[in-house]
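Text of the file coords.cif, holding mmCIF, C-alpha atoms:
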data_protein
loop_
_atom_site.label_atom_id
_atom_site.label_comp_id
_atom_site.auth_asym_id
_atom_site.auth_seq_id
_atom_site.Cartn_x
_atom_site.Cartn_y
_atom_site.Cartn_z
CA MET H 288 37.61 14.96 -52.62
CA SER H 289 34.25 13.19 -52.55
CA ALA H 290 32.60 16.59 -52.98
CA ILE H 291 33.77 16.56 -56.62
CA PRO H 292 31.69 13.56 -57.80
CA LEU H 293 28.90 14.55 -55.41
CA SER H 294 28.64 17.94 -57.14
CA PHE H 295 28.14 16.17 -60.48
CA VAL H 296 25.54 13.78 -59.02
CA ILE H 297 23.52 16.77 -57.83
CA GLY H 298 24.36 19.20 -60.63
CA SER H 299 23.87 16.96 -63.65
CA PRO H 300 20.06 16.54 -63.31
CA ILE H 301 19.67 20.22 -62.38
CA ALA H 302 21.69 21.26 -65.45
CA GLY H 303 19.54 19.02 -67.65
CA TRP H 304 16.40 20.66 -66.30
CA ILE H 305 17.77 24.19 -66.80
CA LEU H 306 18.73 23.43 -70.40
CA GLY H 307 15.12 22.60 -71.19
CA HIS H 308 13.75 25.96 -70.03
CA SER H 309 14.01 29.59 -71.11
CA TRP H 310 13.33 32.69 -69.04
CA SER H 311 13.21 36.37 -69.96
CA GLY H 312 13.96 35.55 -73.57
CA MET H 313 17.28 33.91 -72.68
CA PRO H 314 17.79 30.23 -73.63
CA GLY H 315 18.53 27.59 -71.02
CA TRP H 316 22.18 27.07 -71.94
CA ARG H 317 22.88 30.74 -71.13
CA TRP H 318 21.05 30.47 -67.83
CA LEU H 319 23.21 27.46 -67.07
CA PHE H 320 26.32 29.66 -67.13
CA VAL H 321 24.61 32.21 -64.85
CA VAL H 322 23.19 29.73 -62.33
CA GLU H 323 26.42 27.73 -62.06
CA GLY H 324 28.79 30.71 -62.33
CA VAL H 325 27.33 33.15 -59.80
CA PRO H 326 27.68 30.85 -56.74
CA ALA H 327 31.29 30.08 -57.67
CA ILE H 328 32.12 33.80 -57.93
CA VAL H 329 30.39 34.66 -54.65
CA LEU H 330 31.98 31.77 -52.75
CA GLY H 331 35.38 32.64 -54.24
CA ILE H 332 35.12 36.15 -52.82
CA VAL H 333 33.94 34.83 -49.45
CA ALA H 334 36.78 32.27 -49.34
CA TYR H 335 39.36 34.98 -50.03
CA PHE H 336 38.39 36.83 -46.85
CA PHE H 337 37.37 33.80 -44.77
CA LEU H 338 40.13 31.23 -45.34
CA THR H 339 43.53 31.82 -43.78
CA ASP H 340 47.08 30.96 -44.83
CA SER H 341 47.66 28.66 -41.85
CA PRO H 342 45.57 26.88 -39.18
CA GLY H 343 47.04 29.10 -36.48
CA GLU H 344 45.34 32.13 -38.04
CA ALA H 345 41.92 30.47 -38.32
CA ARG H 346 39.97 32.26 -35.59
CA TRP H 347 36.83 30.33 -36.51
CA LEU H 348 38.49 27.21 -35.08
CA LYS H 349 38.85 26.44 -31.40
CA ALA H 350 42.34 26.71 -29.92
CA GLU H 351 42.61 22.95 -29.44
CA GLN H 352 41.52 22.37 -33.04
CA ARG H 353 44.19 24.74 -34.34
CA ASP H 354 46.84 23.05 -32.21
CA TRP H 355 45.79 19.57 -33.36
CA ILE H 356 45.93 20.55 -37.05
CA ALA H 357 49.33 22.19 -36.60
CA ARG H 358 50.75 19.10 -34.86
CA THR H 359 49.31 16.78 -37.50
CA LEU H 360 50.76 18.81 -40.37
CA GLU H 361 54.14 18.85 -38.64
CA LYS H 362 54.12 15.04 -38.33
CA GLN H 363 53.28 14.68 -42.02
CA LYS H 364 56.29 16.68 -43.18
CA PRO H 365 58.83 14.53 -45.08
CA GLN H 366 62.00 13.71 -43.18
CA GLY H 367 65.19 15.35 -44.39
CA GLU H 368 63.51 17.72 -46.83
CA SER H 369 65.69 20.39 -48.37
CA LEU H 370 65.25 23.41 -50.61
CA ALA H 371 65.33 22.80 -54.35
CA THR H 372 65.43 25.10 -57.36
CA VAL H 373 63.20 24.95 -60.41
CA TRP H 374 66.13 23.53 -62.35
CA ASP H 375 66.43 20.71 -59.78
CA ALA H 376 62.80 19.84 -60.41
CA PHE H 377 63.35 19.68 -64.18
CA ARG H 378 66.33 17.37 -63.62
CA SER H 379 64.37 15.04 -61.34
CA ARG H 380 63.13 11.97 -63.21
CA ARG H 381 60.54 11.32 -60.51
CA ALA H 382 59.18 14.87 -60.68
CA LEU H 383 58.95 14.70 -64.47
CA LEU H 384 57.26 11.31 -64.31
CA LEU H 385 54.68 12.52 -61.80
CA ALA H 386 54.07 15.69 -63.82
CA GLY H 387 53.55 13.63 -66.98
CA ILE H 388 51.13 11.24 -65.28
CA ALA H 389 49.19 14.11 -63.71
CA PHE H 390 49.04 16.02 -67.02
CA LEU H 391 47.74 13.03 -68.99
CA ASN H 392 45.26 12.16 -66.27
CA TYR H 393 43.87 15.67 -65.76
CA SER H 394 43.76 16.69 -69.43
CA VAL H 395 41.93 13.55 -70.53
CA PHE H 396 39.60 13.40 -67.55
CA TYR H 397 38.55 17.05 -67.58
CA THR H 398 37.93 16.85 -71.32
CA PHE H 399 35.70 13.88 -70.56
CA ILE H 400 33.86 15.82 -67.84
CA PHE H 401 33.16 18.78 -70.10
CA TRP H 402 31.97 16.70 -73.05
CA LEU H 403 30.14 13.84 -71.29
CA PRO H 404 26.65 15.38 -71.70
CA THR H 405 27.27 16.10 -75.40
CA MET H 406 28.63 12.61 -76.07
CA LEU H 407 25.76 11.03 -74.17
CA LYS H 408 23.15 13.07 -76.04
CA ARG H 409 24.63 12.15 -79.41
CA GLN H 410 24.77 8.53 -78.33
CA SER H 411 21.20 8.28 -77.03
CA GLY H 412 19.25 11.15 -78.61
CA LEU H 413 17.34 11.59 -75.33
CA ALA H 414 15.95 14.83 -73.92
CA ASP H 415 18.19 17.10 -71.86
CA LEU H 416 16.54 16.19 -68.55
CA LYS H 417 17.06 12.47 -69.12
CA ILE H 418 20.64 13.15 -70.16
CA GLY H 419 21.11 14.93 -66.84
CA TRP H 420 19.89 11.92 -64.89
CA LEU H 421 21.96 9.47 -66.92
CA GLY H 422 25.02 11.70 -66.61
CA ALA H 423 24.79 11.46 -62.83
CA ILE H 424 25.19 7.66 -62.81
CA PRO H 425 28.97 7.47 -63.50
CA TYR H 426 29.67 10.03 -60.78
CA LEU H 427 27.39 8.23 -58.33
CA VAL H 428 29.49 5.09 -58.80
CA CYS H 429 32.63 7.20 -58.40
CA LEU H 430 31.22 8.75 -55.22
CA ILE H 431 31.00 5.24 -53.74
CA LEU H 432 34.36 3.98 -55.00
CA MET H 433 36.48 7.05 -54.15
CA PRO H 434 36.31 6.72 -50.33
CA LEU H 435 36.57 2.92 -50.59
CA ASN H 436 39.73 3.17 -52.66
CA GLY H 437 41.19 5.73 -50.27
CA TRP H 438 40.23 3.69 -47.20
CA HIS H 439 41.76 0.51 -48.65
CA SER H 440 44.90 2.39 -49.65
CA ASP H 441 45.31 3.90 -46.18
CA ARG H 442 44.67 0.56 -44.52
CA HIS H 443 47.43 -1.16 -46.47
CA CYS H 444 49.71 1.91 -46.72
CA GLU H 445 49.94 1.38 -50.49
CA ARG H 446 49.59 4.07 -53.18
CA ARG H 447 50.99 2.85 -56.48
CA TRP H 448 48.56 0.03 -57.27
CA HIS H 449 45.66 2.04 -55.88
CA THR H 450 46.59 4.69 -58.46
CA ALA H 451 47.58 2.46 -61.36
CA ILE H 452 44.57 0.11 -61.33
CA PRO H 453 41.90 2.86 -61.47
CA LEU H 454 43.83 4.54 -64.31
CA LEU H 455 43.95 1.22 -66.20
CA ILE H 456 40.20 0.78 -65.69
CA ALA H 457 39.62 4.30 -66.99
CA SER H 458 41.73 3.56 -70.07
CA VAL H 459 39.54 0.53 -70.81
CA GLY H 460 36.52 2.83 -70.73
CA LEU H 461 38.20 5.31 -73.09
CA PHE H 462 39.11 2.58 -75.57
CA GLY H 463 35.56 1.27 -75.35
CA LEU H 464 34.10 4.69 -76.15
CA ALA H 465 36.47 4.94 -79.13
CA THR H 466 34.63 1.97 -80.66
CA HIS H 467 31.42 4.09 -80.82
CA PRO H 468 29.15 1.59 -79.02
CA VAL H 469 25.60 1.52 -80.37
CA SER H 470 24.01 0.30 -77.14
CA VAL H 471 23.26 3.02 -74.59
CA PRO H 472 23.77 0.67 -71.59
CA LEU H 473 27.17 -0.35 -72.99
CA ALA H 474 28.11 3.28 -73.52
CA MET H 475 27.06 4.06 -69.93
CA LEU H 476 29.30 1.24 -68.74
CA PHE H 477 32.27 2.76 -70.58
CA PHE H 478 31.42 6.24 -69.26
CA THR H 479 31.35 4.84 -65.73
CA LEU H 480 34.70 3.09 -66.20
CA VAL H 481 36.31 6.38 -67.23
CA THR H 482 35.32 7.99 -63.93
CA ALA H 483 37.50 5.38 -62.18
CA ALA H 484 40.38 7.82 -62.75
CA MET H 485 38.88 10.35 -60.34
CA PRO H 486 39.75 8.47 -57.09
CA THR H 487 43.44 8.75 -58.00
CA PHE H 488 43.47 12.57 -57.71
CA ARG H 489 44.03 12.45 -53.96
CA PHE H 490 47.25 10.45 -54.35
CA PHE H 491 49.22 12.79 -56.63
CA GLY H 492 49.79 15.31 -53.83
CA ARG H 493 51.15 12.57 -51.57
CA PHE H 494 53.50 11.30 -54.26
CA GLN H 495 54.77 14.82 -54.88
CA ARG H 496 55.36 15.54 -51.18
CA ARG H 497 57.32 12.30 -50.81
CA SER H 498 59.45 12.99 -53.88
#
Take the structure from the file and write it as structure tokens.
Amino acid sequence: MSAIPLSFVIGSPIAGWILGHSWSGMPGWRWLFVVEGVPAIVLGIVAYFFLTDSPGEARWLKAEQRDWIARTLEKQKPQGESLATVWDAFRSRRALLLAGIAFLNYSVFYTFIFWLPTMLKRQSGLADLKIGWLGAIPYLVCLILMPLNGWHSDRHCERRWHTAIPLLIASVGLFGLATHPVSVPLAMLFFTLVTAAMPTFRFFGRFQRRS
């Protein structure tokens, strides 16, 4: 999960640099799609043939590693689980609540991710390269807080507050951005607060498995 903010810490300055250059008569924003899209396509094809459906089929792991993963996954299975239909899921208040929380979280946060550079450029008027460096700051903070939040949650075996508090912090950042702050440092503070929602992604799967 930490690879997500790490990718933005590394990619944001690189994207800012690419935007400021043109090659072969093609502007930088088009090259950005090529440079960022080609690795994803290639790795997607590699993953299709390389990754397996279960640890037992992963021949690139040692036998003891496959056995350990299989035993660990078996221990993590919920007790007393039973088959459920799609209609059962729609009738479950807990499933609907989790789906609603996940939808609101993902839709708002991914919109923020896609539009952060544009909002930051309109706010500051800086060059693309500087926008790239500034855009990496919120994700750098998130890269530090994500494992800390997960470690603290695992240590105390608590999920709800470790999910709710980061989401509340992110909402403060969103409300702050809605005020159109004039100061760039204040805007960066609000941008950073919004990324507090990212450490909660790892918990939704656990909630759903338990429900």
Fewer than 4 positions away in the same chain doesn't count, so skip those; otherwise give me all residues within 9 Å of Ala484 of chain H, counting only C-alpha atoms, as a list in words.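 What passes the distance filter is Asn392, Phe396, Cys429, Thr450, Ile452, Pro453, Leu454, Leu455, Ile456, Ala457, Ser458, Leu480 and Phe488 of chain H.
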Could you jot down the atom CA of Gly437 of chain H to atom CA of His449 of chain H separation for me, Å, one decimal place? 8.1 Å
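In this model, the gap between atom CA of Gly303 of chain H and atom CA of Tyr393 of chain H comes to 24.6 Å.
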A straight line from atom CA of Ala327 of chain H to atom CA of Pro434 of chain H spans 25.0 Å
Skipping near chain neighbours, those fewer than 6 positions away, what residues fall within 8 Å of segment 402-412 of chain H using only C-alpha atoms, listed as a PDB file with C-alpha atoms, keeping the file's coordinate frame?
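Saved to selection-v7.pdb:
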ATOM      1  CA  ILE H 418      20.640  13.150 -70.160  1.00  0.00           C
ATOM      2  CA  GLY H 419      21.110  14.930 -66.840  1.00  0.00           C
ATOM      3  CA  GLY H 422      25.020  11.700 -66.610  1.00  0.00           C
ATOM      4  CA  VAL H 469      25.600   1.520 -80.370  1.00  0.00           C
ATOM      5  CA  VAL H 471      23.260   3.020 -74.590  1.00  0.00           C
ATOM      6  CA  ALA H 474      28.110   3.280 -73.520  1.00  0.00           C
ATOM      7  CA  PHE H 478      31.420   6.240 -69.260  1.00  0.00           C
TER       8      PHE H 478
END
Which residue gives the smallest distance to Leu385 of chain H among H:Met313, H:Ala465, H:Arg447, H:Gln366, with all atoms listed in the file counted? H:Arg447
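Of the listed residues H:Ile301, H:Leu330, H:Met288, H:Leu384, the one whose atoms come nearest to Ala423 of chain H is H:Ile301, with distances taken using only C-alpha atoms.
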Around all listed atoms of segment 357-376 of chain H, padded 5 Å per side, what centre and edge lengths does the axis-aligned box have in Å to one decimal, as AutoDock Vina command-line options?
--center_x 57.9 --center_y 19.4 --center_z -48.6 --size_x 27.1 --size_y 21.4 --size_z 37.5
Chain and number of each residue from the PyMOL selection byres ((chain H and resi 297) around 12), as JSON, numbers by chain: {"H": [290, 291, 292, 293, 294, 295, 296, 298, 299, 300, 301, 302, 303, 304, 419, 420, 421, 422, 423, 424, 426, 427, 430]}
Since the input lacks some atoms of segment 428-439 of chain H, please model all heavy atoms and print them as a PDB file, keeping the file's coordinate frame.
ATOM      1  N   VAL H 428      28.603   6.237 -59.016  1.00  0.00           N
ATOM      2  CA  VAL H 428      29.490   5.090 -58.800  1.00  0.00           C
ATOM      3  C   VAL H 428      30.837   5.564 -58.273  1.00  0.00           C
ATOM      4  O   VAL H 428      31.411   4.976 -57.349  1.00  0.00           O
ATOM      5  CB  VAL H 428      29.664   4.288 -60.105  1.00  0.00           C
ATOM      6  CG1 VAL H 428      30.667   3.156 -59.919  1.00  0.00           C
ATOM      7  CG2 VAL H 428      28.320   3.734 -60.565  1.00  0.00           C
ATOM      8  N   CYS H 429      31.357   6.640 -58.849  1.00  0.00           N
ATOM      9  CA  CYS H 429      32.630   7.200 -58.400  1.00  0.00           C
ATOM     10  C   CYS H 429      32.550   7.691 -56.960  1.00  0.00           C
ATOM     11  O   CYS H 429      33.503   7.525 -56.181  1.00  0.00           O
ATOM     12  CB  CYS H 429      33.048   8.346 -59.323  1.00  0.00           C
ATOM     13  SG  CYS H 429      34.618   9.105 -58.890  1.00  0.00           S
ATOM     14  N   LEU H 430      31.416   8.265 -56.581  1.00  0.00           N
ATOM     15  CA  LEU H 430      31.220   8.750 -55.220  1.00  0.00           C
ATOM     16  C   LEU H 430      31.327   7.614 -54.211  1.00  0.00           C
ATOM     17  O   LEU H 430      31.803   7.803 -53.088  1.00  0.00           O
ATOM     18  CB  LEU H 430      29.860   9.437 -55.103  1.00  0.00           C
ATOM     19  CG  LEU H 430      29.459   9.959 -53.725  1.00  0.00           C
ATOM     20  CD1 LEU H 430      30.425  11.034 -53.257  1.00  0.00           C
ATOM     21  CD2 LEU H 430      28.027  10.492 -53.767  1.00  0.00           C
ATOM     22  N   ILE H 431      30.916   6.412 -54.615  1.00  0.00           N
ATOM     23  CA  ILE H 431      31.000   5.240 -53.740  1.00  0.00           C
ATOM     24  C   ILE H 431      32.423   4.675 -53.717  1.00  0.00           C
ATOM     25  O   ILE H 431      32.957   4.317 -52.667  1.00  0.00           O
ATOM     26  CB  ILE H 431      30.001   4.166 -54.194  1.00  0.00           C
ATOM     27  CG1 ILE H 431      28.562   4.706 -54.093  1.00  0.00           C
ATOM     28  CG2 ILE H 431      30.158   2.893 -53.360  1.00  0.00           C
ATOM     29  CD1 ILE H 431      27.527   3.782 -54.685  1.00  0.00           C
ATOM     30  N   LEU H 432      33.055   4.624 -54.901  1.00  0.00           N
ATOM     31  CA  LEU H 432      34.360   3.980 -55.000  1.00  0.00           C
ATOM     32  C   LEU H 432      35.505   4.850 -54.480  1.00  0.00           C
ATOM     33  O   LEU H 432      36.511   4.320 -54.006  1.00  0.00           O
ATOM     34  CB  LEU H 432      34.641   3.602 -56.463  1.00  0.00           C
ATOM     35  CG  LEU H 432      33.735   2.541 -57.067  1.00  0.00           C
ATOM     36  CD1 LEU H 432      34.143   2.255 -58.510  1.00  0.00           C
ATOM     37  CD2 LEU H 432      33.771   1.258 -56.245  1.00  0.00           C
ATOM     38  N   MET H 433      35.380   6.178 -54.563  1.00  0.00           N
ATOM     39  CA  MET H 433      36.480   7.050 -54.150  1.00  0.00           C
ATOM     40  C   MET H 433      36.854   6.856 -52.678  1.00  0.00           C
ATOM     41  O   MET H 433      38.027   6.610 -52.361  1.00  0.00           O
ATOM     42  CB  MET H 433      36.141   8.511 -54.432  1.00  0.00           C
ATOM     43  CG  MET H 433      37.213   9.474 -53.953  1.00  0.00           C
ATOM     44  SD  MET H 433      36.845  11.201 -54.335  1.00  0.00           S
ATOM     45  CE  MET H 433      37.327  11.274 -56.060  1.00  0.00           C
ATOM     46  N   PRO H 434      35.910   6.945 -51.728  1.00  0.00           N
ATOM     47  CA  PRO H 434      36.310   6.720 -50.330  1.00  0.00           C
ATOM     48  C   PRO H 434      36.739   5.284 -50.063  1.00  0.00           C
ATOM     49  O   PRO H 434      37.601   5.049 -49.210  1.00  0.00           O
ATOM     50  CB  PRO H 434      35.059   7.107 -49.530  1.00  0.00           C
ATOM     51  CG  PRO H 434      33.938   7.035 -50.499  1.00  0.00           C
ATOM     52  CD  PRO H 434      34.502   7.365 -51.834  1.00  0.00           C
ATOM     53  N   LEU H 435      36.161   4.309 -50.783  1.00  0.00           N
ATOM     54  CA  LEU H 435      36.570   2.920 -50.590  1.00  0.00           C
ATOM     55  C   LEU H 435      38.005   2.707 -51.031  1.00  0.00           C
ATOM     56  O   LEU H 435      38.790   2.029 -50.346  1.00  0.00           O
ATOM     57  CB  LEU H 435      35.629   1.988 -51.376  1.00  0.00           C
ATOM     58  CG  LEU H 435      34.215   1.810 -50.822  1.00  0.00           C
ATOM     59  CD1 LEU H 435      33.396   0.910 -51.736  1.00  0.00           C
ATOM     60  CD2 LEU H 435      34.269   1.225 -49.416  1.00  0.00           C
ATOM     61  N   ASN H 436      38.360   3.285 -52.172  1.00  0.00           N
ATOM     62  CA  ASN H 436      39.730   3.170 -52.660  1.00  0.00           C
ATOM     63  C   ASN H 436      40.714   3.848 -51.703  1.00  0.00           C
ATOM     64  O   ASN H 436      41.789   3.317 -51.396  1.00  0.00           O
ATOM     65  CB  ASN H 436      39.841   3.787 -54.049  1.00  0.00           C
ATOM     66  CG  ASN H 436      41.202   3.562 -54.677  1.00  0.00           C
ATOM     67  OD1 ASN H 436      41.690   2.440 -54.756  1.00  0.00           O
ATOM     68  ND2 ASN H 436      41.824   4.628 -55.139  1.00  0.00           N
ATOM     69  N   GLY H 437      40.339   5.032 -51.214  1.00  0.00           N
ATOM     70  CA  GLY H 437      41.190   5.730 -50.270  1.00  0.00           C
ATOM     71  C   GLY H 437      41.321   4.989 -48.952  1.00  0.00           C
ATOM     72  O   GLY H 437      42.412   4.893 -48.378  1.00  0.00           O
ATOM     73  N   TRP H 438      40.203   4.445 -48.449  1.00  0.00           N
ATOM     74  CA  TRP H 438      40.230   3.690 -47.200  1.00  0.00           C
ATOM     75  C   TRP H 438      41.116   2.443 -47.329  1.00  0.00           C
ATOM     76  O   TRP H 438      41.933   2.156 -46.455  1.00  0.00           O
ATOM     77  CB  TRP H 438      38.815   3.282 -46.819  1.00  0.00           C
ATOM     78  CG  TRP H 438      38.766   2.252 -45.724  1.00  0.00           C
ATOM     79  CD1 TRP H 438      38.909   2.475 -44.383  1.00  0.00           C
ATOM     80  CD2 TRP H 438      38.587   0.839 -45.885  1.00  0.00           C
ATOM     81  NE1 TRP H 438      38.823   1.286 -43.691  1.00  0.00           N
ATOM     82  CE2 TRP H 438      38.630   0.265 -44.587  1.00  0.00           C
ATOM     83  CE3 TRP H 438      38.388   0.017 -46.990  1.00  0.00           C
ATOM     84  CZ2 TRP H 438      38.484  -1.102 -44.386  1.00  0.00           C
ATOM     85  CZ3 TRP H 438      38.242  -1.345 -46.783  1.00  0.00           C
ATOM     86  CH2 TRP H 438      38.292  -1.895 -45.493  1.00  0.00           C
ATOM     87  N   HIS H 439      40.961   1.716 -48.442  1.00  0.00           N
ATOM     88  CA  HIS H 439      41.760   0.510 -48.650  1.00  0.00           C
ATOM     89  C   HIS H 439      43.234   0.848 -48.810  1.00  0.00           C
ATOM     90  O   HIS H 439      44.107   0.128 -48.315  1.00  0.00           O
ATOM     91  CB  HIS H 439      41.248  -0.239 -49.890  1.00  0.00           C
ATOM     92  CG  HIS H 439      41.756  -1.642 -50.011  1.00  0.00           C
ATOM     93  ND1 HIS H 439      42.887  -1.955 -50.729  1.00  0.00           N
ATOM     94  CD2 HIS H 439      41.297  -2.804 -49.486  1.00  0.00           C
ATOM     95  CE1 HIS H 439      43.101  -3.254 -50.660  1.00  0.00           C
ATOM     96  NE2 HIS H 439      42.159  -3.797 -49.904  1.00  0.00           N
TER      97      HIS H 439
END
